Structure formats: C-alpha cells, structure tokens
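Structure data follow from start05.txt (compact mmCIF, C-alpha atoms):
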```txt
# COMPACT_ATOMS: atom_id res chain seq x y z
CA MET S 227 -23.02 -7.89 9.75
CA ARG S 228 -19.85 -5.95 8.98
CA SER S 229 -20.01 -2.46 7.53
CA ALA S 230 -18.19 -1.80 4.26
CA MET S 231 -15.31 -0.13 6.08
CA GLU S 232 -15.04 -2.95 8.62
CA GLU S 233 -14.72 -5.41 5.74
CA GLN S 234 -12.12 -3.21 4.05
CA ARG S 235 -10.13 -3.03 7.26
CA ARG S 236 -10.31 -6.82 7.60
CA ARG S 237 -9.04 -7.27 4.04
CA ALA S 238 -6.17 -4.84 4.55
CA ALA S 239 -5.02 -6.44 7.81
CA HIS S 240 -5.21 -9.92 6.24
CA TRP S 241 -3.15 -8.83 3.25
CA PHE S 242 -0.46 -7.20 5.39
CA ARG S 243 -0.22 -10.41 7.41
CA GLU S 244 0.00 -12.51 4.24
CA LEU S 245 2.80 -10.30 2.88
CA ARG S 246 4.64 -10.67 6.16
CA ASP S 247 4.42 -14.46 5.88
CA ARG S 248 5.77 -14.47 2.31
CA ILE S 249 8.71 -12.22 3.11
CA VAL S 250 9.66 -14.25 6.18
CA ALA S 251 9.64 -17.43 4.06
CA ALA S 252 11.71 -15.80 1.32
CA PHE S 253 14.31 -14.50 3.79
CA GLU S 254 14.66 -17.88 5.47
CA ALA S 255 15.08 -19.49 2.04
CA LEU S 256 17.85 -16.98 1.27
CA GLU S 257 19.51 -17.92 4.57
CA ASP S 258 19.53 -21.56 3.41
CA ARG S 259 21.51 -20.46 0.34
CA GLY S 260 23.78 -18.12 2.28
CA PRO S 261 27.57 -18.44 2.61
CA GLY S 262 29.62 -19.66 5.54
CA ASP S 263 29.45 -22.31 8.21
CA LEU S 264 26.86 -20.67 10.47
CA PRO S 265 23.52 -22.44 10.68
CA PRO S 266 20.94 -20.66 8.51
CA GLY S 267 19.13 -17.96 10.41
CA ARG S 268 15.52 -18.35 11.48
CA PHE S 269 13.00 -15.81 12.70
CA GLU S 270 12.03 -15.69 16.34
CA VAL S 271 8.33 -14.82 16.39
CA THR S 272 6.82 -13.06 19.40
CA PRO S 273 3.16 -12.01 19.72
CA THR S 274 2.80 -8.39 20.81
CA GLU S 275 0.02 -6.53 22.56
CA ARG S 276 -0.80 -2.86 22.60
CA ALA S 277 -0.94 -1.46 26.10
CA GLY S 278 -4.25 -0.10 27.27
CA ASP S 279 -6.79 -0.45 24.49
CA GLY S 280 -6.58 -3.26 22.00
CA GLY S 281 -4.88 -5.21 19.30
CA GLY S 282 -1.35 -6.32 18.78
CA GLY S 283 0.65 -8.19 16.22
CA LEU S 284 3.66 -10.34 15.50
CA MET S 285 7.26 -9.28 16.00
CA SER S 286 9.51 -11.47 13.84
CA VAL S 287 13.25 -10.93 14.28
CA MET S 288 16.21 -12.88 12.94
CA ARG S 289 19.67 -12.30 14.41
CA GLY S 290 23.10 -13.60 13.50
CA GLY S 291 22.23 -15.37 10.26
CA ARG S 292 24.41 -16.16 7.29
CA VAL S 293 23.00 -13.27 5.24
CA PHE S 294 21.15 -11.09 7.75
CA GLU S 295 22.91 -9.77 10.82
CA LYS S 296 19.52 -8.53 12.04
CA VAL S 297 16.20 -8.30 10.26
CA GLY S 298 12.75 -7.58 11.59
CA VAL S 299 9.46 -8.16 9.79
CA ASN S 300 6.62 -6.93 11.97
CA TRP S 301 2.87 -7.06 11.42
CA SER S 302 0.30 -5.34 13.56
CA GLU S 303 -3.40 -4.58 13.84
CA VAL S 304 -4.19 -2.17 16.67
CA HIS S 305 -7.10 -0.04 17.77
CA GLY S 306 -8.18 2.18 20.60
CA THR S 307 -8.13 5.85 21.52
CA LEU S 308 -5.28 8.16 20.63
CA ALA S 309 -3.34 9.66 23.51
CA PRO S 310 -3.41 13.46 23.70
CA ARG S 311 -0.03 13.97 21.98
CA ALA S 312 -0.88 11.61 19.11
CA GLN S 313 -4.35 13.16 18.89
CA ALA S 314 -2.82 16.64 18.60
CA ALA S 315 -0.37 15.44 15.95
CA MET S 316 -3.21 13.97 13.89
CA ALA S 317 -5.26 17.14 14.22
CA ALA S 318 -2.24 19.19 13.12
CA ARG S 319 -2.00 17.03 10.00
CA GLY S 320 -5.59 17.92 9.15
CA VAL S 321 -7.34 14.70 10.20
CA PRO S 322 -10.96 15.79 10.86
CA GLY S 323 -12.86 15.06 14.05
CA MET S 324 -9.85 14.38 16.28
CA GLU S 325 -11.06 16.78 18.97
CA SER S 326 -14.44 15.09 19.36
CA ASP S 327 -13.67 11.43 18.58
CA PRO S 328 -10.03 10.27 18.84
CA ARG S 329 -10.68 6.58 18.14
CA PHE S 330 -8.38 4.90 15.63
CA TRP S 331 -7.55 1.60 13.93
CA ALA S 332 -4.32 0.80 12.13
CA SER S 333 -2.71 -2.19 10.48
CA GLY S 334 0.48 -2.66 8.52
CA ILE S 335 3.77 -4.38 7.94
CA SER S 336 7.14 -2.87 8.80
CA LEU S 337 10.49 -4.30 7.76
CA VAL S 338 14.12 -3.33 8.30
CA ALA S 339 17.09 -5.51 7.32
CA HIS S 340 20.73 -5.05 8.36
CA MET S 341 23.06 -7.31 6.44
CA GLN S 342 26.17 -9.33 7.35
CA ASN S 343 28.08 -8.36 4.22
CA PRO S 344 28.82 -4.62 3.95
CA HIS S 345 28.37 -4.82 0.17
CA ALA S 346 24.74 -5.88 0.64
CA PRO S 347 22.46 -2.88 1.24
CA ALA S 348 20.30 -2.37 4.28
CA VAL S 349 16.66 -1.87 3.38
CA HIS S 350 13.38 -0.61 4.82
CA MET S 351 9.81 -1.28 3.71
CA ASN S 352 6.47 -0.35 5.24
CA THR S 353 2.86 -0.39 4.09
CA ARG S 354 -0.09 0.47 6.30
CA MET S 355 -3.71 1.55 6.53
CA PHE S 356 -5.01 4.00 9.13
CA TRP S 357 -8.63 4.73 10.06
CA THR S 358 -10.35 7.26 12.30
CA PRO S 359 -14.10 8.01 12.43
CA GLY S 360 -13.47 11.03 10.23
CA ALA S 361 -10.94 9.70 7.72
CA TRP S 362 -8.95 6.77 6.35
CA TRP S 363 -5.73 6.60 4.38
CA PHE S 364 -2.85 4.42 3.22
CA GLY S 365 0.87 5.05 3.53
CA GLY S 366 4.18 3.35 3.10
CA GLY S 367 7.11 2.93 0.79
CA SER S 368 10.47 1.29 0.47
CA ASP S 369 14.01 2.68 0.47
CA LEU S 370 17.52 1.31 0.03
CA ASN S 371 20.34 2.13 2.44
CA PRO S 372 23.73 0.89 1.22
CA CYS S 373 26.91 1.85 3.02
CA LEU S 374 28.85 0.99 -0.16
CA GLU S 375 26.76 2.08 -3.10
CA TYR S 376 26.62 0.25 -6.41
CA PRO S 377 24.89 2.34 -9.11
CA GLU S 378 23.50 -0.78 -10.79
CA ASP S 379 21.88 -1.85 -7.51
CA THR S 380 20.33 1.58 -7.04
CA ALA S 381 19.05 1.53 -10.63
CA HIS S 382 17.49 -1.93 -10.21
CA PHE S 383 15.74 -0.95 -6.98
CA HIS S 384 14.30 2.25 -8.44
CA ASP S 385 13.35 0.65 -11.76
CA THR S 386 11.37 -2.03 -9.92
CA LEU S 387 9.51 0.59 -7.90
CA ARG S 388 8.86 2.70 -11.00
CA THR S 389 7.33 -0.31 -12.74
CA ALA S 390 5.13 -1.03 -9.71
CA CYS S 391 3.86 2.55 -9.56
CA ALA S 392 3.17 3.03 -13.28
CA PRO S 393 -0.26 1.32 -13.57
CA HIS S 394 -1.65 3.25 -10.61
CA GLY S 395 -0.77 6.84 -11.41
CA ALA S 396 1.31 8.48 -14.12
CA ASP S 397 2.95 10.75 -11.59
CA TYR S 398 3.12 8.34 -8.63
CA TYR S 399 6.76 7.29 -8.97
CA ASP S 400 8.12 10.82 -9.49
CA ARG S 401 5.91 12.23 -6.74
CA PHE S 402 6.68 9.55 -4.19
CA LYS S 403 10.39 9.39 -5.05
CA ALA S 404 10.64 13.13 -4.38
CA TRP S 405 8.74 12.63 -1.12
CA ALA S 406 11.18 9.88 -0.08
CA ASP S 407 14.15 12.10 -0.92
CA GLU S 408 12.71 14.76 1.38
CA TYR S 409 11.45 12.43 4.13
CA PHE S 410 14.61 10.33 4.48
CA PHE S 411 16.92 13.36 4.59
CA ILE S 412 18.82 13.90 7.85
CA PRO S 413 18.93 17.66 8.48
CA HIS S 414 21.59 17.64 11.20
CA ARG S 415 23.93 15.67 8.90
CA GLY S 416 22.95 17.49 5.73
CA ARG S 417 22.56 14.24 3.78
CA PRO S 418 20.08 11.45 3.00
CA ARG S 419 20.27 8.21 4.94
CA GLY S 420 20.50 6.14 1.73
CA VAL S 421 19.79 6.18 -2.01
CA GLY S 422 16.05 6.63 -1.63
CA GLY S 423 13.06 4.83 -2.98
CA ILE S 424 9.43 5.92 -2.61
CA PHE S 425 7.43 7.23 0.32
CA TYR S 426 3.79 8.25 0.56
CA ASP S 427 1.30 9.00 3.31
CA ASP S 428 -2.28 10.26 3.67
CA LEU S 429 -3.22 8.51 0.42
CA ASN S 430 -6.98 8.79 0.02
CA THR S 431 -8.16 9.52 -3.51
CA GLY S 432 -11.75 8.92 -2.41
CA GLU S 433 -11.62 5.43 -3.95
CA TRP S 434 -10.59 2.75 -1.45
CA GLU S 435 -10.06 -0.11 -3.92
CA PRO S 436 -7.53 1.68 -6.18
CA ASP S 437 -5.64 3.02 -3.16
CA PHE S 438 -5.49 -0.46 -1.63
CA ALA S 439 -4.39 -1.90 -4.99
CA PHE S 440 -1.51 0.57 -5.15
CA THR S 441 -0.47 -0.22 -1.60
CA ARG S 442 -0.46 -3.92 -2.48
CA ALA S 443 1.69 -3.15 -5.53
CA VAL S 444 4.24 -1.39 -3.32
CA GLY S 445 4.39 -4.39 -1.02
CA GLU S 446 4.56 -6.88 -3.90
CA ALA S 447 7.47 -4.98 -5.45
CA PHE S 448 9.66 -5.33 -2.38
CA LEU S 449 11.08 -8.82 -2.89
CA PRO S 450 11.80 -8.37 -6.62
CA ALA S 451 13.48 -5.03 -5.83
CA PHE S 452 15.65 -6.22 -2.95
CA LEU S 453 16.20 -9.97 -3.02
CA PRO S 454 18.41 -10.07 -6.16
CA LEU S 455 20.69 -7.43 -4.63
CA ALA S 456 21.08 -9.32 -1.36
CA GLU S 457 21.74 -12.59 -3.18
CA ALA S 458 24.31 -11.05 -5.52
CA ARG S 459 26.26 -9.32 -2.74
CA MET S 460 26.10 -11.88 0.09
CA THR S 461 29.22 -13.78 -1.07
CA GLN S 462 31.30 -10.75 -2.07
CA PRO S 463 34.64 -10.51 -0.21
CA PHE S 464 34.94 -7.54 2.15
CA THR S 465 37.65 -5.87 4.23
CA ASP S 466 37.84 -4.47 7.75
CA ALA S 467 37.52 -1.02 6.18
CA ASP S 468 34.27 -2.10 4.51
CA ARG S 469 32.93 -3.33 7.85
CA ASP S 470 33.94 -0.05 9.49
CA ALA S 471 32.06 1.90 6.81
CA GLN S 472 29.02 -0.27 7.44
CA LEU S 473 29.01 0.37 11.19
CA ILE S 474 29.40 4.12 10.70
CA HIS S 475 26.52 4.16 8.23
CA ARG S 476 24.38 2.26 10.71
CA GLY S 477 24.97 5.05 13.20
CA LEU S 478 23.46 7.43 10.66
CA TYR S 479 20.48 5.10 10.26
CA ALA S 480 19.95 4.91 14.03
CA GLU S 481 20.07 8.70 14.34
CA TYR S 482 17.36 9.10 11.74
CA ASN S 483 15.04 6.50 13.24
CA LEU S 484 15.33 7.84 16.76
CA VAL S 485 15.08 11.54 15.93
CA TYR S 486 12.88 11.88 12.85
CA ASP S 487 11.00 8.72 11.93
CA ARG S 488 7.24 9.30 12.15
CA GLY S 489 6.41 5.63 12.66
CA THR S 490 8.80 5.28 15.60
CA LYS S 491 7.28 8.32 17.32
CA PHE S 492 3.71 7.18 16.71
CA GLY S 493 4.36 3.62 17.88
CA LEU S 494 5.88 4.75 21.16
CA GLU S 495 3.24 7.41 21.80
CA THR S 496 0.36 5.00 21.24
CA GLY S 497 1.70 2.37 23.63
CA HIS S 498 2.70 -0.34 21.15
CA ASN S 499 5.37 -2.83 22.22
CA ALA S 500 8.62 -0.84 22.47
CA ASP S 501 10.78 -3.74 21.27
CA ALA S 502 8.63 -4.08 18.16
CA VAL S 503 8.72 -0.32 17.50
CA LEU S 504 12.52 -0.19 17.90
CA MET S 505 13.32 -3.38 16.00
CA SER S 506 14.58 -1.13 13.17
CA LEU S 507 17.72 -0.27 15.13
CA PRO S 508 20.91 -2.04 14.00
CA PRO S 509 22.55 -4.68 16.21
CA LEU S 510 25.89 -2.85 16.10
CA ALA S 511 26.75 0.69 15.07
CA LYS S 512 29.65 3.08 15.35
CA TRP S 513 30.17 6.83 15.68
CA VAL S 514 33.44 8.62 14.94
```

Exercise: express the given structure as structure tokens:
Amino acid sequence: MRSAMEEQRRRAAHWFRELRDRIVAAFEALEDRGPGDLPPGRFEVTPTERAGDGGGGLMSVMRGGRVFEKVGVNWSEVHGTLAPRAQAAMAARGVPGMESDPRFWASGISLVAHMQNPHAPAVHMNTRMFWTPGAWWFGGGSDLNPCLEYPEDTAHFHDTLRTACAPHGADYYDRFKAWADEYFFIPHRGRPRGVGGIFYDDLNTGEWEPDFAFTRAVGEAFLPAFLPLAEARMTQPFTDADRDAQLIHRGLYAEYNLVYDRGTKFGLETGHNADAVLMSLPPLAKWV
C-alpha cells in the first residue's frame, strides 16, 4: 500500500506527463496551421534514462518546422541519491537531512521554444516537484523572451499569468514576477534575458494540495498565455535585420542557460541525459 506521499508523488508525475502530452499536441496542431511550404513539424520522442540510480523520462524535440525552428518539451521522473556537489547545494539552500540521507525524487516538465519568425517570441516554461526524506516542494514558472518586443504581447502574457495566480495567493503574482525579474537577469550583460513572467521555487506552505493546485494553474496557463502570440506572429513578414536580431538574442539566451540556470546545473550534476538537459539551447545563435 502506498504512503500518502508516494501517492502524491504519483499524482504529480502523472499530471506533468499529461501536461506534456497536451502541449505537444497543441504545438503540432499549430504546425499544421503554419505558413510556408515546409511539411508541418513533428516531435521526435526519445526515452531517457538517468545514469546510475533510477528513473528517466521523455525527450520530445521538434526541429525545422513551419512555426518552430526548435522546441523541446521534456518530462521526467527520476530518483536516487544526490551526488556530493548536488547534496552540498541542497544543504546550502536549507534542505534538512541532506548530510544523513541524500535520497531524492523529482518529476516535472520543462519546455523551451525557439521560433522561425523573429517576431514570434521564444518562451520557457517549467513546473516540477522535488522530494527528499526531510522535505518536499514545488517550483516552476514561465517567461517570455522576444528579440523584437511587442508591448501588447508582453501585456497578454503577464495578464494571463496574473489571472492564474490570483485564486491561489493575493501576493503570488507580484512576488513571483519580482522573483523572475531577479532570477532571469544576466549579471555579466547587465540586463534581463527577456520580458519576464513568474518564477518560484521551494514552495511548501505545509499544505500539499493547495501547492499542487497552484503548480497545475501555472502549467495550465501556459498555452493560453503563449499560443495566441505565436499564432499572431508566425505569418508576419520579417527582414534579414530581424533575423540577425533574433540570432544575437539567442546568444544571450544560451549564455544565461549555460552559466546561471539552476535546472541545467542540477540536471548535469545528477547524471540526467545531457541532451535532454541541454535541449533548451537554440539551434543557431550569433555573437557580435
């Protein structure tokens, strides 16, 4: 018989997988409506395994589509024992019991989309649950990364996230927007990587059901926040200068993910499939 936490972990992993399936279907449907003579893009799905201990997931990547130049929608459920560096990082964050029992379990969905049309914004979304014998928590968020910003697109994205947050905490949107502004800032460039969104981590109010409900709300808000923007911009004419701006902005995105992103560091340190961890990197980028 499962313990209460084992059942909660099962529910979380199942929901992350279900969200992954819905997003993949929605993106392939958008490809069917996309412009141009290319065949509509389809995801290549590869099972992944975590080296050493246990678990794995699905790496789903589409390349060279009508709308998406590259998009990854990954789901994972992994478990095992934290390596010393990851164990030390968790202990430094205040996770109790890491010195005596470094077991962990984690599940989540991670998404990054790089678009064909420079007027369509790149986007990132992640929701996850993490468990150790001494603690559990949720984390995630979503942020928009246009190379050519449209204020109305930024407003729509943030308004959708604000609406999703409102039933779960009066201060959640303002708190987690400020956290995203801080987290997605690139110190060595002195600028953010995009126009923000929300970001949260270590969410444990002591009530698992409300925290899981909020995490589901963040995931559910993604398609309404992003899909209308992608659909509106995918047929917009663009110039060589627009494409150049897009490639330069992608360089900024790659710098952030390789130098600062917590998920990238954790995935590599815990032995997860490197291709799955690095699927966030753009297919082409440029530095000047």

### Message
Quick one: residues within 12 Å of region 268-281 of chain S, all atoms listed in the file, excluding same-chain residues fewer than 6 positions away - as a count of residues only?
### Response
52

### Query
What separation in Å, quoted to one decimal, exists between CA of Leu337 (chain S) and CA of His350 (chain S)?
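These atoms are spaced 5.5 Å apart.
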
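Checking S:Cys373, S:Ala238, S:Ala346, S:Ala511 one by one against Gly477 (chain S), counting all atoms listed in the file, you find the shortest gap at S:Ala511.
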
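Comparing S:Ala381, S:Phe364, S:Trp405, S:Leu284 by their smallest distance to Glu433 (chain S), the closest is S:Phe364 (using all atoms listed in the file).
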
### Task
May I have the protein, DNA and RNA residues with an atom at most 10 Å from (15.0, -6.3, 0.4), counting all atoms listed in the file in the file's coordinates, returned as number ranges by chain?
S: 249, 253, 337-340, 346-351, 368-370, 383, 447-457

Please produce a file of the residues just selected, as a short mmCIF file (atom, residue, chain, number, x, y, z; two decimals), in the frame of the given file, where the atoms kept are C-alpha atoms.
```
data_model
loop_
_atom_site.label_atom_id
_atom_site.label_comp_id
_atom_site.auth_asym_id
_atom_site.auth_seq_id
_atom_site.Cartn_x
_atom_site.Cartn_y
_atom_site.Cartn_z
CA ILE S 249 8.71 -12.22 3.11
CA PHE S 253 14.31 -14.50 3.79
CA LEU S 337 10.49 -4.30 7.76
CA VAL S 338 14.12 -3.33 8.30
CA ALA S 339 17.09 -5.51 7.32
CA HIS S 340 20.73 -5.05 8.36
CA ALA S 346 24.74 -5.88 0.64
CA PRO S 347 22.46 -2.88 1.24
CA ALA S 348 20.30 -2.37 4.28
CA VAL S 349 16.66 -1.87 3.38
CA HIS S 350 13.38 -0.61 4.82
CA MET S 351 9.81 -1.28 3.71
CA SER S 368 10.47 1.29 0.47
CA ASP S 369 14.01 2.68 0.47
CA LEU S 370 17.52 1.31 0.03
CA PHE S 383 15.74 -0.95 -6.98
CA ALA S 447 7.47 -4.98 -5.45
CA PHE S 448 9.66 -5.33 -2.38
CA LEU S 449 11.08 -8.82 -2.89
CA PRO S 450 11.80 -8.37 -6.62
CA ALA S 451 13.48 -5.03 -5.83
CA PHE S 452 15.65 -6.22 -2.95
CA LEU S 453 16.20 -9.97 -3.02
CA PRO S 454 18.41 -10.07 -6.16
CA LEU S 455 20.69 -7.43 -4.63
CA ALA S 456 21.08 -9.32 -1.36
CA GLU S 457 21.74 -12.59 -3.18
#
```

### Query
Which residue, S:Lys403, S:Arg415, S:His345, S:Arg488, has the smallest gap to Asp468 (chain S) when you use only C-alpha atoms?
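Using only C-alpha atoms, the shortest distance to Asp468 (chain S) belongs to S:His345.
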
### Query
Rounded to one decimal in Å, what is the spacing between CA of Gly395 (chain S) and CA of Arg354 (chain S)?
18.8 Å
